[in-house]
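Heads up, the thing below is written out as structure tokens.
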Amino acid sequence: MDILLIAGLWLDGSAWDNVATQLQARGHRAVPLTLPGQGDGNTSATLADQTAAVVEAVDAAAGRPMVVGHSAACGLAWLAADARPGKISTVVLIGGFPASDGMPYFTSEVQDGAVPFPGWAEFEGPDSADLDDAARQAIAAAAIPVPEGVTRGVVTLADERRHDVPVVLICPEFTPAQAKDWIGQGAAPELAKSRRVSFVDIDSGHWPMISAPAELARLLAQAAGDA
């Protein structure tokens, strides 16, 4: 199966290198995406540009691909499901929830037209507890400021058939029980409307592609097999 891998803010497609290698070994075609504005030098990229890039990758995939979004890019994976509900076999969300129609893609302080990596103080605790100093330094050194046009983009969802696309929520720094609680309390309306959501635990922080690539690849291969 083709598995499209979309990293969250500040990361390009290379964040998936270890996961992609292991998915290939399991017989899947892993396609890590480098998004407009996150690794291609396009400082004027918008959310529409990133959405179009993901949809283009879905259209180019063989058969019905699985689309994997990490962190903020869970929203991009969901925008792709809205654009191509009949083409996507499964959406996998890692450590994040899709925004609802009319909501901003991401809100954070903009500096010189972009949102830079804020440093590790903001992620102290369960988010980063499994990252050693070398991993933290590598992530921070490679971090790409995300253009304001991406983060300030407004999410537009139009096709209710997106709620028929199976969703797998991989829970890294939070537990499946917490995720179910948040959804039940209204924190993730899109998932509350989804007709088939499954929850999978992973013993990691917010960046399992860095800290637990083998286990993440196993879980993604399992989701692809279920699809």
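By convention in this document, the chains of the structure tokens carry letters A, B, ... by their order, each chain's residues are numbered from 1, and ligands are numbered from 1 in the order they are shown.
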
Hey, what's within 9 Å of Glu190 of chain A if we count only C-alpha atoms and toss same-chain stuff fewer than 6 positions away? As a PyMOL selection string, please?
chain A and resi 97-101+163+183

Might you pull out every residue within 7 Å of Ser89 of chain A, with only C-alpha atoms counted and same-chain residues fewer than 4 positions away left off, and present them as a list of chain:residue names?
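Near Ser89 of chain A, the qualifying residues are A:Arg64, A:Pro65, A:Met66, A:Val165, A:Ala227.
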
Just how far from atom CA of Gly225 of chain A is atom CA of Asp82 of chain A, in Å to one decimal?
22.6 Å

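Summary of the local environment: counting only C-alpha atoms, residues at most 7 Å from segment 172-182 of chain A, other than itself and those fewer than 2 positions away along its chain, are Gly95, Pro126, Asp127, Ile170, Gly184, Gln185, Gly186, Ala187, Ala188, Phe199, Val200, Asp201, Ile202, Asp203, Ser204, Gly205 and His206 of chain A.
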
Convert the current residue selection to file output with N, CA and C atoms, as an mmCIF file, in the first residue's frame.
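What follows is the written file selection_30.cif:
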data_model
loop_
_atom_site.group_PDB
_atom_site.id
_atom_site.type_symbol
_atom_site.label_atom_id
_atom_site.label_comp_id
_atom_site.auth_asym_id
_atom_site.auth_seq_id
_atom_site.Cartn_x
_atom_site.Cartn_y
_atom_site.Cartn_z
ATOM 1 N N GLY A 95 -0.688 12.120 17.399
ATOM 2 C CA GLY A 95 -0.466 13.201 18.356
ATOM 3 C C GLY A 95 -1.180 14.492 18.047
ATOM 4 N N PRO A 126 5.756 15.317 29.071
ATOM 5 C CA PRO A 126 5.515 14.116 28.259
ATOM 6 C C PRO A 126 5.840 14.287 26.776
ATOM 7 N N ASP A 127 5.716 15.504 26.241
ATOM 8 C CA ASP A 127 6.003 15.721 24.823
ATOM 9 C C ASP A 127 7.422 15.305 24.446
ATOM 10 N N ILE A 170 -3.248 7.557 16.700
ATOM 11 C CA ILE A 170 -2.116 7.041 17.469
ATOM 12 C C ILE A 170 -1.806 8.044 18.570
ATOM 13 N N GLY A 184 -15.166 13.225 23.698
ATOM 14 C CA GLY A 184 -16.477 13.223 24.330
ATOM 15 C C GLY A 184 -16.866 14.575 24.902
ATOM 16 N N GLN A 185 -15.857 15.367 25.296
ATOM 17 C CA GLN A 185 -16.114 16.686 25.870
ATOM 18 C C GLN A 185 -16.206 17.780 24.804
ATOM 19 N N GLY A 186 -16.065 17.381 23.536
ATOM 20 C CA GLY A 186 -16.240 18.343 22.462
ATOM 21 C C GLY A 186 -14.980 19.000 21.959
ATOM 22 N N ALA A 187 -13.798 18.505 22.389
ATOM 23 C CA ALA A 187 -12.544 19.134 21.989
ATOM 24 C C ALA A 187 -12.138 18.794 20.555
ATOM 25 N N ALA A 188 -12.720 17.768 19.980
ATOM 26 C CA ALA A 188 -12.375 17.364 18.613
ATOM 27 C C ALA A 188 -13.659 17.027 17.862
ATOM 28 N N PHE A 199 -8.339 3.720 18.333
ATOM 29 C CA PHE A 199 -7.322 4.378 19.151
ATOM 30 C C PHE A 199 -6.193 3.397 19.422
ATOM 31 N N VAL A 200 -4.958 3.868 19.220
ATOM 32 C CA VAL A 200 -3.786 3.018 19.393
ATOM 33 C C VAL A 200 -2.789 3.755 20.268
ATOM 34 N N ASP A 201 -2.273 3.077 21.264
ATOM 35 C CA ASP A 201 -1.286 3.669 22.162
ATOM 36 C C ASP A 201 0.123 3.424 21.637
ATOM 37 N N ILE A 202 1.021 4.373 21.865
ATOM 38 C CA ILE A 202 2.436 4.183 21.587
ATOM 39 C C ILE A 202 3.208 4.807 22.744
ATOM 40 N N ASP A 203 4.207 4.114 23.221
ATOM 41 C CA ASP A 203 4.991 4.582 24.357
ATOM 42 C C ASP A 203 6.071 5.530 23.851
ATOM 43 N N SER A 204 5.704 6.787 23.693
ATOM 44 C CA SER A 204 6.651 7.775 23.171
ATOM 45 C C SER A 204 6.170 9.160 23.554
ATOM 46 N N GLY A 205 6.986 10.149 23.188
ATOM 47 C CA GLY A 205 6.565 11.524 23.290
ATOM 48 C C GLY A 205 5.923 11.968 21.989
ATOM 49 N N HIS A 206 5.994 13.271 21.726
ATOM 50 C CA HIS A 206 5.262 13.850 20.606
ATOM 51 C C HIS A 206 5.879 13.545 19.248
#

Can you pull out every residue from segment 10-222 of chain A that DSSP, working from the backbone, puts in helix (DSSP H, G or I), and format the result as a ChimeraX atom specification?
/A:13-25,47-60,71-83,120-123,133-142,148-151,160-164,176-184,189-193,208-211,213-222

Have a look at A:Val92, A:Ala73, A:Ala141, A:Leu11 and name the one nearest to Ala224 of chain A; count only C-alpha atoms.
A:Val92

Coordinates-based distance that separates atom CA of Asp40 of chain A from atom CA of Met103 of chain A (Å, one decimal)
26.0 Å

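Using only C-alpha atoms, the shortest contact distance between Ala223 of chain A and any of A:Ala20, A:Val150, A:Ala134, A:Leu93 is found at A:Leu93.
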
Between A:Ala45, A:Ala57, A:Met209, A:Leu9, which is the closest to Val31 of chain A once you count only C-alpha atoms?
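When distances to Val31 of chain A are compared using only C-alpha atoms, the smallest one comes from A:Ala57.
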